[in-house]
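K.L.:
Here's a structure for you.
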Amino acid sequence: MKIFPAIDLRGGRVVRLTQGDYGKTTEYAISPCEAAESFVQAGAGCIHIVDLDGAKDGTLSNYETIREVLSGGKLFAEVGGGIRDESRIASYLDAGAGRVILGTAAVNNFPFLVEMVKKYGEKIAVGVDARDGRVAVDGWLTVTELDSVDFCRRVRDIGVKTVIYTDISRDGAMRGTNLEIYGTLVKIDGLDIVASGGVSTMADITGLRNMGVPAAIVGKALYTGALQLADVLAEARKTEW
């Protein structure tokens, strides 16, 4: 199982939200580039970067910071947050992102998602953020009537290979991930699921790995010291015989 340590950005700073609430923001002293380098030193090969300002209002206020992180070229990076047109997709890919994540745009402009998947293939991932099983958009501020599992199947059907699925209620809450929902999602043939939200114990890592989830994002638990990235990577690489 792959591990994506996370960098969430607001105003160029590394932060974490609790359950998607912009009013509950914790800012960390480490710079984005320092965080990325610490991931490399721990043995990581991947990174997950989210522009929280962009996710909320569609701005590009963190683009230069993200470009600086990507310039190191040492990590396979997936980038999301406010990516709602092709020029932004191209900008991040040109800057070194391995894939970009469409969230709000995938929901609000499904024909655009179809077009981008046809053009960029596996470089397009979809972020499915769920609150009480329903898809949320606009930086998690708006909850739609879309069933999140059904939407995962729908994007699979148009050629999407990777979905980053976040249970908002668990995100940043440090109370474990939603193993039940990932047990359901991992059964969707032809779709790679990246588990996100609440991954905060080694039991979470072991549980996700054992059920065959291809990848998981770890954020707040690394910054608080609840988990050590080197240990997480070692656990994720184990094979059950």
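Every chain in the structure tokens has a letter given in the order shown (A, B, ...), and although residue numbers restart at 1 in each chain, ligands are simply numbered from 1 in the order shown.
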Could you give me, as a ChimeraX atom specification, the residues within 10 Å of Ala221 in chain A, counting only C-alpha atoms and dropping anything in the same chain fewer than 4 positions from it?

P.N.:
/A:5,172-174,198-201,225-229

K.L.:
Can you list, as a list in words, all residues belonging to range 184-224 of chain A that DSSP tags as helix (DSSP H, G or I)?

P.N.:
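Written out, the helix (DSSP H, G or I) residues of range 184-224 of chain A are Thr184, Leu185, Met202, Ala203, Asp204, Ile205, Thr206, Gly207, Leu208, Arg209, Asn210, Lys220, Ala221, Leu222, Tyr223 and Thr224 of chain A.
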
K.L.:
Counting only C-alpha atoms, which residues in range 63-86 of chain A sit no more than 12 Å from range 53-57 of chain A? For each one, give the nearest pair of atoms and the distance in Å, sorted by chain then residue number, as a tab-separated table.

P.N.:
```
residue	atom	partner	partner_atom	distance
A:Tyr63	CA	A:Gly54	CA	9.0
A:Ile66	CA	A:Gly54	CA	11.8
A:Val79	CA	A:Ala55	CA	11.2
A:Gly80	CA	A:Ala55	CA	7.8
A:Gly81	CA	A:Ala55	CA	4.1
A:Gly82	CA	A:Gly54	CA	4.1
A:Ile83	CA	A:Gly54	CA	7.5
A:Arg84	CA	A:Ala55	CA	9.5
```

K.L.:
Distance CA of Gly159 in chain A-CA of Asn108 in chain A, one decimal place?

P.N.:
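According to the coordinates, CA of Gly159 in chain A and CA of Asn108 in chain A are separated by 17.8 Å.
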
K.L.:
Looking at A:Val100, A:Cys46, A:Ile193, A:Ile7, which one is nearest to Tyr28 in chain A, with distances taken over only C-alpha atoms?

P.N.:
A:Ile7
